[in-house]
file work-v1.pdb (PDB, C-alpha atoms)
MODEL        1
ATOM      1  CA  MET D   1      90.712 101.555 137.582
ATOM      2  CA  ASN D   2      92.720 104.420 136.084
ATOM      3  CA  HIS D   3      93.632 103.343 132.545
ATOM      4  CA  SER D   4      95.788 106.439 132.017
ATOM      5  CA  LYS D   5      98.289 105.008 134.540
ATOM      6  CA  PHE D   6      99.165 101.970 132.448
ATOM      7  CA  LYS D   7      99.257 100.818 128.830
ATOM      8  CA  LYS D   8      96.887  98.081 127.719
ATOM      9  CA  SER D   9      99.223  96.508 125.158
ATOM     10  CA  PHE D  10     102.465  96.718 123.178
ATOM     11  CA  ASN D  11     100.643  98.845 120.605
ATOM     12  CA  ASP D  12      99.729 101.510 123.177
ATOM     13  CA  CYS D  13     103.443 102.039 123.900
ATOM     14  CA  ILE D  14     104.210 103.235 120.354
ATOM     15  CA  GLY D  15     104.932 106.946 119.912
ATOM     16  CA  ASN D  16     105.224 109.820 122.394
ATOM     17  CA  THR D  17     109.002 109.461 122.341
ATOM     18  CA  PRO D  18     111.153 112.119 124.053
ATOM     19  CA  LEU D  19     112.908 114.919 122.209
ATOM     20  CA  ILE D  20     116.522 115.382 123.289
ATOM     21  CA  LYS D  21     118.870 118.300 122.649
ATOM     22  CA  LEU D  22     121.999 117.017 120.899
ATOM     23  CA  LYS D  23     125.002 118.761 122.447
ATOM     24  CA  ILE D  24     127.722 118.050 119.853
ATOM     25  CA  ALA D  25     125.496 118.829 116.859
ATOM     26  CA  SER D  26     124.211 122.030 118.504
ATOM     27  CA  GLN D  27     127.749 123.211 119.282
ATOM     28  CA  ILE D  28     129.094 122.544 115.774
ATOM     29  CA  SER D  29     126.136 124.187 114.014
ATOM     30  CA  GLY D  30     125.454 127.079 116.380
ATOM     31  CA  CYS D  31     121.801 125.989 116.392
ATOM     32  CA  ASN D  32     119.583 124.035 118.781
ATOM     33  CA  ILE D  33     119.489 120.573 117.273
ATOM     34  CA  TYR D  34     116.999 118.113 118.716
ATOM     35  CA  GLY D  35     116.724 114.379 118.122
ATOM     36  CA  LYS D  36     113.403 112.531 118.347
ATOM     37  CA  CYS D  37     114.274 109.363 120.297
ATOM     38  CA  GLU D  38     112.543 106.852 118.042
ATOM     39  CA  PHE D  39     114.804 104.041 119.290
ATOM     40  CA  LEU D  40     112.656 104.164 122.458
ATOM     41  CA  ASN D  41     109.599 102.806 120.652
ATOM     42  CA  PRO D  42     108.824  99.297 121.970
ATOM     43  CA  GLY D  43     110.030  97.578 118.780
ATOM     44  CA  GLY D  44     113.172  99.704 118.884
ATOM     45  CA  SER D  45     112.682 102.005 115.883
ATOM     46  CA  VAL D  46     110.738 104.767 114.145
ATOM     47  CA  LYS D  47     109.102 102.040 112.017
ATOM     48  CA  ASP D  48     106.773 101.001 114.846
ATOM     49  CA  ARG D  49     104.629 104.022 113.971
ATOM     50  CA  PRO D  50     103.815 103.113 110.339
ATOM     51  CA  ALA D  51     103.582  99.434 111.302
ATOM     52  CA  LEU D  52     100.780 100.210 113.762
ATOM     53  CA  GLN D  53      98.984 102.608 111.373
ATOM     54  CA  ILE D  54      99.151 100.175 108.434
ATOM     55  CA  VAL D  55      97.608  97.356 110.503
ATOM     56  CA  LYS D  56      95.042  99.669 112.143
ATOM     57  CA  ASP D  57      93.854 101.025 108.786
ATOM     58  CA  ALA D  58      93.623  97.510 107.297
ATOM     59  CA  LEU D  59      91.486  96.398 110.272
ATOM     60  CA  ASP D  60      89.261  99.494 109.959
ATOM     61  CA  LYS D  61      88.735  98.778 106.259
ATOM     62  CA  LYS D  62      87.914  95.132 107.129
ATOM     63  CA  LEU D  63      90.722  93.893 104.836
ATOM     64  CA  ILE D  64      91.906  91.617 107.661
ATOM     65  CA  SER D  65      90.710  90.390 111.038
ATOM     66  CA  GLU D  66      92.326  88.751 114.081
ATOM     67  CA  GLY D  67      94.383  85.742 113.006
ATOM     68  CA  ALA D  68      95.360  87.305 109.652
ATOM     69  CA  THR D  69      98.813  87.055 108.080
ATOM     70  CA  ILE D  70     100.939  90.159 107.498
ATOM     71  CA  VAL D  71     103.485  90.029 104.654
ATOM     72  CA  GLU D  72     106.158  92.641 104.042
ATOM     73  CA  GLY D  73     109.421  93.333 102.258
ATOM     74  CA  THR D  74     111.713  95.255 104.603
ATOM     75  CA  ALA D  75     115.280  96.231 105.454
ATOM     76  CA  GLY D  76     114.348  94.929 108.908
ATOM     77  CA  ASN D  77     112.823  97.544 111.198
ATOM     78  CA  THR D  78     109.369  97.730 109.586
ATOM     79  CA  GLY D  79     109.277  93.938 109.639
ATOM     80  CA  ILE D  80     110.078  93.903 113.357
ATOM     81  CA  GLY D  81     107.406  96.542 114.026
ATOM     82  CA  LEU D  82     104.767  94.745 111.949
ATOM     83  CA  CYS D  83     105.521  91.394 113.524
ATOM     84  CA  LEU D  84     105.238  92.702 117.097
ATOM     85  CA  VAL D  85     102.154  94.840 116.362
ATOM     86  CA  GLY D  86     100.650  91.765 114.682
ATOM     87  CA  ASN D  87     101.591  89.454 117.568
ATOM     88  CA  ALA D  88      99.745  91.762 119.977
ATOM     89  CA  LEU D  89      96.655  91.383 117.754
ATOM     90  CA  GLY D  90      96.899  87.606 117.255
ATOM     91  CA  MET D  91      98.336  87.789 113.722
ATOM     92  CA  LYS D  92     101.172  85.948 111.973
ATOM     93  CA  SER D  93     103.949  87.549 109.910
ATOM     94  CA  GLU D  94     106.001  86.549 106.879
ATOM     95  CA  ILE D  95     108.907  88.865 106.185
ATOM     96  CA  VAL D  96     111.062  89.157 103.054
ATOM     97  CA  MET D  97     114.464  90.757 103.517
ATOM     98  CA  PRO D  98     117.639  91.222 101.435
ATOM     99  CA  LYS D  99     120.472  88.909 102.558
ATOM    100  CA  THR D 100     122.739  91.966 102.856
ATOM    101  CA  GLN D 101     121.004  93.322 105.968
ATOM    102  CA  SER D 102     122.635  92.993 109.387
ATOM    103  CA  GLU D 103     122.658  89.601 111.140
ATOM    104  CA  GLU D 104     121.204  91.285 114.228
ATOM    105  CA  LYS D 105     118.032  92.295 112.369
ATOM    106  CA  LYS D 106     117.623  88.812 110.869
ATOM    107  CA  LYS D 107     117.969  87.285 114.356
ATOM    108  CA  MET D 108     115.557  89.806 115.834
ATOM    109  CA  LEU D 109     112.889  88.903 113.263
ATOM    110  CA  GLN D 110     113.293  85.227 114.099
ATOM    111  CA  ILE D 111     113.060  86.019 117.830
ATOM    112  CA  CYS D 112     109.788  87.892 117.094
ATOM    113  CA  GLY D 113     108.377  84.721 115.524
ATOM    114  CA  ALA D 114     108.296  85.952 111.935
ATOM    115  CA  LYS D 115     108.722  83.501 109.098
ATOM    116  CA  LEU D 116     111.778  84.961 107.372
ATOM    117  CA  HIS D 117     112.451  84.772 103.624
ATOM    118  CA  LEU D 118     115.947  85.971 102.629
ATOM    119  CA  VAL D 119     116.483  87.046  99.021
ATOM    120  CA  GLU D 120     119.355  88.419  96.933
ATOM    121  CA  ALA D 121     119.763  92.215  97.015
ATOM    122  CA  VAL D 122     118.634  93.205  93.509
ATOM    123  CA  PRO D 123     117.201  96.495  92.112
ATOM    124  CA  TYR D 124     113.488  97.251  92.291
ATOM    125  CA  LYS D 125     113.003  96.609  88.557
ATOM    126  CA  ASN D 126     113.927  92.947  89.139
ATOM    127  CA  PRO D 127     110.868  90.834  90.146
ATOM    128  CA  ARG D 128     113.112  89.094  92.732
ATOM    129  CA  ASN D 129     113.614  92.426  94.535
ATOM    130  CA  TYR D 130     112.558  92.000  98.186
ATOM    131  CA  VAL D 131     109.613  94.421  97.899
ATOM    132  CA  ARG D 132     108.207  92.862  94.725
ATOM    133  CA  TYR D 133     108.878  89.352  95.978
ATOM    134  CA  SER D 134     106.857  90.116  99.130
ATOM    135  CA  GLU D 135     103.877  91.184  96.987
ATOM    136  CA  THR D 136     104.053  87.936  94.976
ATOM    137  CA  LEU D 137     104.346  85.928  98.214
ATOM    138  CA  SER D 138     101.307  87.673  99.735
ATOM    139  CA  LYS D 139      99.160  86.452  96.817
ATOM    140  CA  LYS D 140     100.186  82.833  97.415
ATOM    141  CA  ILE D 141      99.347  82.688 101.123
ATOM    142  CA  LYS D 142      95.900  81.430 102.081
ATOM    143  CA  ASN D 143      94.299  82.624 105.316
ATOM    144  CA  LYS D 144      90.554  82.849 105.971
ATOM    145  CA  ASN D 145      91.141  85.922 108.182
ATOM    146  CA  GLY D 146      92.862  87.723 105.336
ATOM    147  CA  VAL D 147      96.395  88.432 104.153
ATOM    148  CA  LEU D 148      97.803  91.949 104.340
ATOM    149  CA  TRP D 149     100.644  92.986 102.070
ATOM    150  CA  ALA D 150     101.780  95.963 104.153
ATOM    151  CA  ASN D 151     103.498  97.665 101.177
ATOM    152  CA  GLN D 152     105.157 100.321 103.351
ATOM    153  CA  PHE D 153     106.723 102.146 100.369
ATOM    154  CA  ASP D 154     103.456 102.951  98.597
ATOM    155  CA  ASN D 155     100.878 102.511 101.361
ATOM    156  CA  LEU D 156      99.894 106.023 102.461
ATOM    157  CA  SER D 157      99.072 104.795 105.984
ATOM    158  CA  ASN D 158     102.842 105.108 106.477
ATOM    159  CA  LYS D 159     102.895 108.857 105.827
ATOM    160  CA  LYS D 160      99.622 109.210 107.774
ATOM    161  CA  ALA D 161     101.277 107.722 110.895
ATOM    162  CA  HIS D 162     103.818 110.556 110.957
ATOM    163  CA  TYR D 163     101.239 113.221 110.063
ATOM    164  CA  LEU D 164      99.066 112.074 112.981
ATOM    165  CA  THR D 165     101.788 111.413 115.568
ATOM    166  CA  THR D 166     105.411 112.416 114.856
ATOM    167  CA  GLY D 167     104.602 115.920 113.543
ATOM    168  CA  PRO D 168     102.158 116.873 116.327
ATOM    169  CA  GLU D 169     104.511 115.505 119.033
ATOM    170  CA  ILE D 170     107.453 117.591 117.749
ATOM    171  CA  TRP D 171     105.247 120.688 117.484
ATOM    172  CA  SER D 172     103.989 120.349 121.041
ATOM    173  CA  GLN D 173     107.402 119.381 122.510
ATOM    174  CA  LEU D 174     108.915 122.633 121.168
ATOM    175  CA  SER D 175     105.736 124.658 121.842
ATOM    176  CA  GLY D 176     105.543 125.447 118.123
ATOM    177  CA  LYS D 177     109.052 126.904 117.979
ATOM    178  CA  VAL D 178     110.229 124.714 115.076
ATOM    179  CA  ASP D 179     112.396 126.338 112.394
ATOM    180  CA  ALA D 180     113.324 123.214 110.453
ATOM    181  CA  PHE D 181     112.920 119.454 110.182
ATOM    182  CA  ILE D 182     115.343 117.143 108.395
ATOM    183  CA  CYS D 183     115.729 113.389 107.959
ATOM    184  CA  SER D 184     116.730 110.719 105.485
ATOM    185  CA  VAL D 185     114.353 108.827 103.216
ATOM    186  CA  GLY D 186     113.710 105.099 102.968
ATOM    187  CA  THR D 187     110.008 104.893 102.164
ATOM    188  CA  GLY D 188     109.620 108.655 102.513
ATOM    189  CA  GLY D 189     106.855 108.332 105.109
ATOM    190  CA  THR D 190     108.670 110.076 107.981
ATOM    191  CA  LEU D 191     109.839 113.031 105.913
ATOM    192  CA  ALA D 192     106.563 113.496 104.024
ATOM    193  CA  GLY D 193     104.126 113.003 106.912
ATOM    194  CA  THR D 194     106.032 114.974 109.547
ATOM    195  CA  SER D 195     106.823 117.862 107.197
ATOM    196  CA  GLU D 196     103.229 118.082 105.953
ATOM    197  CA  PHE D 197     101.961 118.525 109.506
ATOM    198  CA  LEU D 198     104.657 121.046 110.480
ATOM    199  CA  ARG D 199     104.087 123.084 107.307
ATOM    200  CA  GLU D 200     100.356 123.250 107.999
ATOM    201  CA  LYS D 201     101.188 124.745 111.380
ATOM    202  CA  ASN D 202     103.764 127.169 109.969
ATOM    203  CA  LYS D 203     104.397 127.468 106.248
ATOM    204  CA  ASN D 204     107.897 128.859 106.923
ATOM    205  CA  VAL D 205     109.257 125.669 108.502
ATOM    206  CA  LYS D 206     112.233 124.594 106.370
ATOM    207  CA  ILE D 207     112.348 120.943 105.293
ATOM    208  CA  GLY D 208     115.644 119.199 104.655
ATOM    209  CA  LEU D 209     116.705 115.866 103.199
ATOM    210  CA  ALA D 210     119.779 113.983 104.449
ATOM    211  CA  ASP D 211     120.632 111.414 101.781
ATOM    212  CA  PRO D 212     123.326 108.724 101.851
ATOM    213  CA  PHE D 213     125.494 108.062  98.804
ATOM    214  CA  GLY D 214     124.048 105.337  96.582
ATOM    215  CA  SER D 215     120.594 106.940  96.804
ATOM    216  CA  ALA D 216     118.995 108.856  93.927
ATOM    217  CA  ILE D 217     116.767 111.158  95.985
ATOM    218  CA  HIS D 218     119.319 113.958  96.563
ATOM    219  CA  ASN D 219     119.783 114.388  92.796
ATOM    220  CA  PHE D 220     116.017 114.261  92.305
ATOM    221  CA  PHE D 221     115.438 117.220  94.653
ATOM    222  CA  LYS D 222     118.529 119.081  93.415
ATOM    223  CA  LYS D 223     118.346 118.481  89.655
ATOM    224  CA  GLY D 224     115.042 116.742  89.010
ATOM    225  CA  ILE D 225     116.680 113.475  87.924
ATOM    226  CA  LEU D 226     116.756 110.109  89.705
ATOM    227  CA  LYS D 227     120.467 109.412  89.550
ATOM    228  CA  SER D 228     122.571 107.742  92.214
ATOM    229  CA  GLU D 229     126.319 107.909  92.770
ATOM    230  CA  GLY D 230     128.594 106.080  95.186
ATOM    231  CA  ASN D 231     127.320 103.689  97.837
ATOM    232  CA  SER D 232     126.638 103.403 101.546
ATOM    233  CA  ILE D 233     126.669 100.779 104.300
ATOM    234  CA  THR D 234     123.626 102.357 105.986
ATOM    235  CA  GLU D 235     120.483 100.233 106.040
ATOM    236  CA  GLY D 236     116.840 101.096 105.488
ATOM    237  CA  ILE D 237     117.508 104.488 103.924
ATOM    238  CA  GLY D 238     118.302 105.639 100.403
ATOM    239  CA  GLN D 239     115.924 105.159  97.517
ATOM    240  CA  GLY D 240     116.023 104.819  93.738
ATOM    241  CA  ARG D 241     112.423 105.789  92.977
ATOM    242  CA  ILE D 242     109.729 108.213  94.066
ATOM    243  CA  THR D 243     107.422 106.169  96.267
ATOM    244  CA  LYS D 244     103.742 107.045  96.756
ATOM    245  CA  ASN D 245     104.626 108.323 100.245
ATOM    246  CA  LEU D 246     107.226 110.678  98.807
ATOM    247  CA  GLU D 247     105.203 111.982  95.860
ATOM    248  CA  HIS D 248     104.037 115.272  97.379
ATOM    249  CA  ALA D 249     106.949 115.945  99.733
ATOM    250  CA  LYS D 250     108.432 119.435  99.403
ATOM    251  CA  VAL D 251     112.117 119.734 100.226
ATOM    252  CA  ASP D 252     113.921 123.082 100.637
ATOM    253  CA  GLU D 253     117.464 121.841 101.222
ATOM    254  CA  SER D 254     119.105 118.532 100.319
ATOM    255  CA  PHE D 255     122.474 117.241 101.526
ATOM    256  CA  GLN D 256     124.429 114.173 100.474
ATOM    257  CA  ILE D 257     126.268 112.634 103.411
ATOM    258  CA  SER D 258     129.080 110.102 103.437
ATOM    259  CA  ASP D 259     129.296 107.074 105.727
ATOM    260  CA  THR D 260     132.563 108.465 107.144
ATOM    261  CA  GLU D 261     130.863 111.698 108.271
ATOM    262  CA  ALA D 262     127.919 109.739 109.691
ATOM    263  CA  LEU D 263     130.013 107.181 111.604
ATOM    264  CA  LYS D 264     132.350 109.810 113.065
ATOM    265  CA  ILE D 265     129.376 111.489 114.713
ATOM    266  CA  VAL D 266     127.830 108.154 115.774
ATOM    267  CA  PHE D 267     131.052 107.194 117.591
ATOM    268  CA  GLU D 268     131.405 110.638 119.180
ATOM    269  CA  MET D 269     127.782 110.525 120.406
ATOM    270  CA  ILE D 270     128.508 107.296 122.291
ATOM    271  CA  LEU D 271     131.450 108.734 124.215
ATOM    272  CA  LYS D 272     130.120 112.219 124.840
ATOM    273  CA  GLU D 273     126.342 111.864 124.997
ATOM    274  CA  GLY D 274     125.747 108.216 125.938
ATOM    275  CA  LEU D 275     123.635 107.590 122.838
ATOM    276  CA  ILE D 276     124.327 104.425 120.830
ATOM    277  CA  LEU D 277     122.704 104.990 117.457
ATOM    278  CA  GLY D 278     122.586 103.307 114.045
ATOM    279  CA  GLY D 279     124.134 104.677 110.854
ATOM    280  CA  SER D 280     120.934 106.306 109.578
ATOM    281  CA  SER D 281     120.759 108.454 112.743
ATOM    282  CA  GLY D 282     124.338 109.529 111.966
ATOM    283  CA  ILE D 283     123.256 110.587 108.458
ATOM    284  CA  ASN D 284     120.339 112.520 110.004
ATOM    285  CA  ILE D 285     122.481 114.322 112.593
ATOM    286  CA  VAL D 286     125.115 115.355 110.026
ATOM    287  CA  GLY D 287     122.259 116.592 107.809
ATOM    288  CA  ALA D 288     120.878 118.657 110.708
ATOM    289  CA  ILE D 289     124.331 120.211 111.313
ATOM    290  CA  LYS D 290     124.679 121.137 107.628
ATOM    291  CA  LEU D 291     121.173 122.572 107.553
ATOM    292  CA  GLY D 292     121.928 124.575 110.714
ATOM    293  CA  LYS D 293     125.056 126.084 109.193
ATOM    294  CA  LYS D 294     123.049 127.035 106.119
ATOM    295  CA  LEU D 295     120.091 128.579 108.000
ATOM    296  CA  GLY D 296     122.197 130.561 110.475
ATOM    297  CA  LYS D 297     122.542 130.716 114.257
ATOM    298  CA  ASN D 298     120.068 129.760 116.989
ATOM    299  CA  LYS D 299     117.477 127.985 114.832
ATOM    300  CA  ASN D 300     115.522 125.060 116.309
ATOM    301  CA  ILE D 301     116.116 122.049 114.075
ATOM    302  CA  VAL D 302     114.633 118.594 114.630
ATOM    303  CA  THR D 303     115.791 115.264 113.237
ATOM    304  CA  ILE D 304     115.045 111.585 113.818
ATOM    305  CA  LEU D 305     117.140 109.160 115.883
ATOM    306  CA  CYS D 306     115.819 106.101 114.031
ATOM    307  CA  ASP D 307     117.125 103.106 115.968
ATOM    308  CA  TYR D 308     119.759 101.690 118.318
ATOM    309  CA  GLY D 309     123.286 100.968 117.109
ATOM    310  CA  THR D 310     123.233  97.493 118.661
ATOM    311  CA  LYS D 311     121.268  96.308 115.615
ATOM    312  CA  TYR D 312     124.404  96.891 113.501
ATOM    313  CA  GLU D 313     127.036  95.494 115.829
ATOM    314  CA  SER D 314     128.352  93.146 113.122
ATOM    315  CA  LYS D 315     128.881  96.128 110.807
ATOM    316  CA  ILE D 316     129.497  99.516 112.395
ATOM    317  CA  PHE D 317     131.133  98.107 115.544
ATOM    318  CA  ASN D 318     133.143  95.472 113.727
ATOM    319  CA  LYS D 319     136.797  96.380 113.142
ATOM    320  CA  LYS D 320     137.196  93.986 110.193
ATOM    321  CA  PHE D 321     134.110  95.285 108.417
ATOM    322  CA  LEU D 322     135.089  98.926 108.984
ATOM    323  CA  SER D 323     138.670  98.549 107.757
ATOM    324  CA  LYS D 324     137.514  96.547 104.707
ATOM    325  CA  ASN D 325     135.193  99.443 103.808
ATOM    326  CA  LYS D 326     137.854 102.088 104.632
ATOM    327  CA  LEU D 327     135.670 103.590 107.360
ATOM    328  CA  PRO D 328     136.674 105.165 110.694
ATOM    329  CA  ILE D 329     137.210 102.740 113.575
ATOM    330  CA  PRO D 330     136.281 103.821 117.112
ATOM    331  CA  SER D 331     139.397 104.036 119.321
ATOM    332  CA  TRP D 332     137.929 101.764 122.019
ATOM    333  CA  LEU D 333     137.249  98.768 119.744
TER     334      LEU D 333
ENDMDL
END
call {"tool": "encode", "arguments": {"input": "work-v1.pdb", "output": "structure tokens"}}
result
Amino acid sequence: MNHSKFKKSFNDCIGNTPLIKLKIASQISGCNIYGKCEFLNPGGSVKDRPALQIVKDALDKKLISEGATIVEGTAGNTGIGLCLVGNALGMKSEIVMPKTQSEEKKKMLQICGAKLHLVEAVPYKNPRNYVRYSETLSKKIKNKNGVLWANQFDNLSNKKAHYLTTGPEIWSQLSGKVDAFICSVGTGGTLAGTSEFLREKNKNVKIGLADPFGSAIHNFFKKGILKSEGNSITEGIGQGRITKNLEHAKVDESFQISDTEALKIVFEMILKEGLILGGSSGINIVGAIKLGKKLGKNKNIVTILCDYGTKYESKIFNKKFLSKNKLPIPSWL
């Protein structure tokens, strides 16, 4: 039987996502801007990659075995990825998430069979912060097959996933003709892992950061200080500290991008390109346009299309929510 003709499990479907040329972004910037279609991963986001790598590495190190429990603090997508990867390996999941995340992601986690713990959205220094709470919870759970605190922010398996898969895929899809890579930062795994691989292939590849307001990372790369200003409705991106995954990332250009800029492009992409994306993809695309304008014409720039917009229906496609936050409203709503 030819195994190359079919996938053996959910986990075999992760990665190898298509790269698509983004028409609007390419026109505005005068460059060739490509989006890595991470919403086509089986769990619906870029986070399937680190989820699989984190579980794989824990199994290899014999930290857990089949029947184990996975515990994680997440804005949603990593939790969904971990739960589905775990389900395919006979594991259970307990997920801690801030109450402020979209209803769609909470529902999705429940559909996946995760045990969901919702907590107040408080800063990392507070022990009730969702990440720290998940660590505490992982120490209380008893399971003879082991308990894995996935710890996506500081677990280097996250960065490794992108070094081993996302970077090499982009390189081969553009036959090595990559001038720049840019994306936003949540854990830092995508930016750090992908850029490390691309830079090893060609030290001249430019690396960019697209940061939402309310995050401190832009100021860190610009001025060397962790200082945030403003706020953002985007989920899963933006960071107030340098995670282990982000520690050695080298960034050439950093851009701060407003929700208004991001949503305008998200809405335009639906009508003109048939792509329904979440807010973080909007931040990434605007970042790629700004980087393109800075680098000059005809460069090949790659960014990440993190997940589908349907996960944020109650926010970015909700007239009430948009007008309350003084954000653009798509004409067809």
call {"tool": "closest_residue", "arguments": {"input": "work-v1.pdb", "among": "D:Leu116, D:Ile242, D:Lys326, D:Tyr312", "to": "Ser258 in chain D", "atoms": "only C-alpha atoms"}}
result
D:Lys326
call {"tool": "axis_aligned_box", "arguments": {"input": "work-v1.pdb", "around": "range 103-117 of chain D", "padding_each_side": "5 Å", "output": "lines of an AutoDock Vina configuration file"}}
result
center_x = 115.5
center_y = 87.9
center_z = 110.7
size_x = 24.4
size_y = 18.8
size_z = 24.2
call {"tool": "resolve_selection", "arguments": {"input": "work-v1.pdb", "expression": "the PyMOL selection byres ((chain D and resi 322) around 12)", "output": "ChimeraX atom specification"}}
result
/D:233,259-260,263-264,312-321,323-330,333
call {"tool": "closest_residue", "arguments": {"input": "work-v1.pdb", "among": "D:Lys21, D:Arg128, D:Lys105, D:Lys56", "to": "Gly236 in chain D", "atoms": "only C-alpha atoms"}}
result
D:Lys105
call {"tool": "atom_distance", "arguments": {"input": "work-v1.pdb", "atom1": "CA of Gly44 in chain D", "atom2": "CA of Asp307 in chain D"}}
result
6.0 Å
call {"tool": "closest_residue", "arguments": {"input": "work-v1.pdb", "among": "D:Ile111, D:Ile170, D:Ala75, D:Ala249", "to": "Glu235 in chain D", "atoms": "all atoms listed in the file"}}
result
D:Ala75
call {"tool": "residues_around", "arguments": {"input": "work-v1.pdb", "residues": "Gly90 in chain D", "least_positions_apart": "5", "cutoff": "12 Å", "atoms": "only C-alpha atoms", "output": "VMD selection string"}}
result
chain D and resid 55 64 to 70 82 to 85 113 145
call {"tool": "write_last_selection", "arguments": {"input": "work-v1.pdb", "atoms": "C-alpha atoms", "output": "PDB file, in the frame of the given file"}}
result
ATOM      1  CA  VAL D  55      97.608  97.356 110.503  1.00  0.00           C
ATOM      2  CA  ILE D  64      91.906  91.617 107.661  1.00  0.00           C
ATOM      3  CA  SER D  65      90.710  90.390 111.038  1.00  0.00           C
ATOM      4  CA  GLU D  66      92.326  88.751 114.081  1.00  0.00           C
ATOM      5  CA  GLY D  67      94.383  85.742 113.006  1.00  0.00           C
ATOM      6  CA  ALA D  68      95.360  87.305 109.652  1.00  0.00           C
ATOM      7  CA  THR D  69      98.813  87.055 108.080  1.00  0.00           C
ATOM      8  CA  ILE D  70     100.939  90.159 107.498  1.00  0.00           C
ATOM      9  CA  LEU D  82     104.767  94.745 111.949  1.00  0.00           C
ATOM     10  CA  CYS D  83     105.521  91.394 113.524  1.00  0.00           C
ATOM     11  CA  LEU D  84     105.238  92.702 117.097  1.00  0.00           C
ATOM     12  CA  VAL D  85     102.154  94.840 116.362  1.00  0.00           C
ATOM     13  CA  GLY D 113     108.377  84.721 115.524  1.00  0.00           C
ATOM     14  CA  ASN D 145      91.141  85.922 108.182  1.00  0.00           C
TER      15      ASN D 145
END
call {"tool": "residues_around", "arguments": {"input": "work-v1.pdb", "residues": "Val185 in chain D", "least_positions_apart": "6", "cutoff": "7 Å", "atoms": "all atoms listed in the file", "output": "ChimeraX atom specification"}}
result
/D:191,211,237-239
call {"tool": "resolve_selection", "arguments": {"input": "work-v1.pdb", "expression": "the PyMOL selection byres ((chain D and resi 151-168) around 9)", "output": "CSV table (one decimal) with C-alpha atoms, keeping the file's coordinate frame"}}
result
chain,number,residue,atom,x,y,z
D,15,GLY,CA,104.9,106.9,119.9
D,16,ASN,CA,105.2,109.8,122.4
D,17,THR,CA,109.0,109.5,122.3
D,36,LYS,CA,113.4,112.5,118.3
D,47,LYS,CA,109.1,102.0,112.0
D,49,ARG,CA,104.6,104.0,114.0
D,50,PRO,CA,103.8,103.1,110.3
D,51,ALA,CA,103.6,99.4,111.3
D,52,LEU,CA,100.8,100.2,113.8
D,53,GLN,CA,99.0,102.6,111.4
D,54,ILE,CA,99.2,100.2,108.4
D,55,VAL,CA,97.6,97.4,110.5
D,56,LYS,CA,95.0,99.7,112.1
D,57,ASP,CA,93.9,101.0,108.8
D,71,VAL,CA,103.5,90.0,104.7
D,72,GLU,CA,106.2,92.6,104.0
D,73,GLY,CA,109.4,93.3,102.3
D,74,THR,CA,111.7,95.3,104.6
D,78,THR,CA,109.4,97.7,109.6
D,131,VAL,CA,109.6,94.4,97.9
D,134,SER,CA,106.9,90.1,99.1
D,135,GLU,CA,103.9,91.2,97.0
D,148,LEU,CA,97.8,91.9,104.3
D,149,TRP,CA,100.6,93.0,102.1
D,150,ALA,CA,101.8,96.0,104.2
D,169,GLU,CA,104.5,115.5,119.0
D,170,ILE,CA,107.5,117.6,117.7
D,171,TRP,CA,105.2,120.7,117.5
D,172,SER,CA,104.0,120.3,121.0
D,173,GLN,CA,107.4,119.4,122.5
D,186,GLY,CA,113.7,105.1,103.0
D,187,THR,CA,110.0,104.9,102.2
D,188,GLY,CA,109.6,108.7,102.5
D,189,GLY,CA,106.9,108.3,105.1
D,190,THR,CA,108.7,110.1,108.0
D,191,LEU,CA,109.8,113.0,105.9
D,192,ALA,CA,106.6,113.5,104.0
D,193,GLY,CA,104.1,113.0,106.9
D,194,THR,CA,106.0,115.0,109.5
D,195,SER,CA,106.8,117.9,107.2
D,196,GLU,CA,103.2,118.1,106.0
D,197,PHE,CA,102.0,118.5,109.5
D,198,LEU,CA,104.7,121.0,110.5
D,243,THR,CA,107.4,106.2,96.3
D,244,LYS,CA,103.7,107.0,96.8
D,245,ASN,CA,104.6,108.3,100.2
D,246,LEU,CA,107.2,110.7,98.8
call {"tool": "atom_distance", "arguments": {"input": "work-v1.pdb", "atom1": "CA of Phe255 in chain D", "atom2": "CA of Lys290 in chain D"}}
result
7.6 Å
call {"tool": "atom_distance", "arguments": {"input": "work-v1.pdb", "atom1": "CA of Ser26 in chain D", "atom2": "CA of Lys293 in chain D"}}
result
10.2 Å
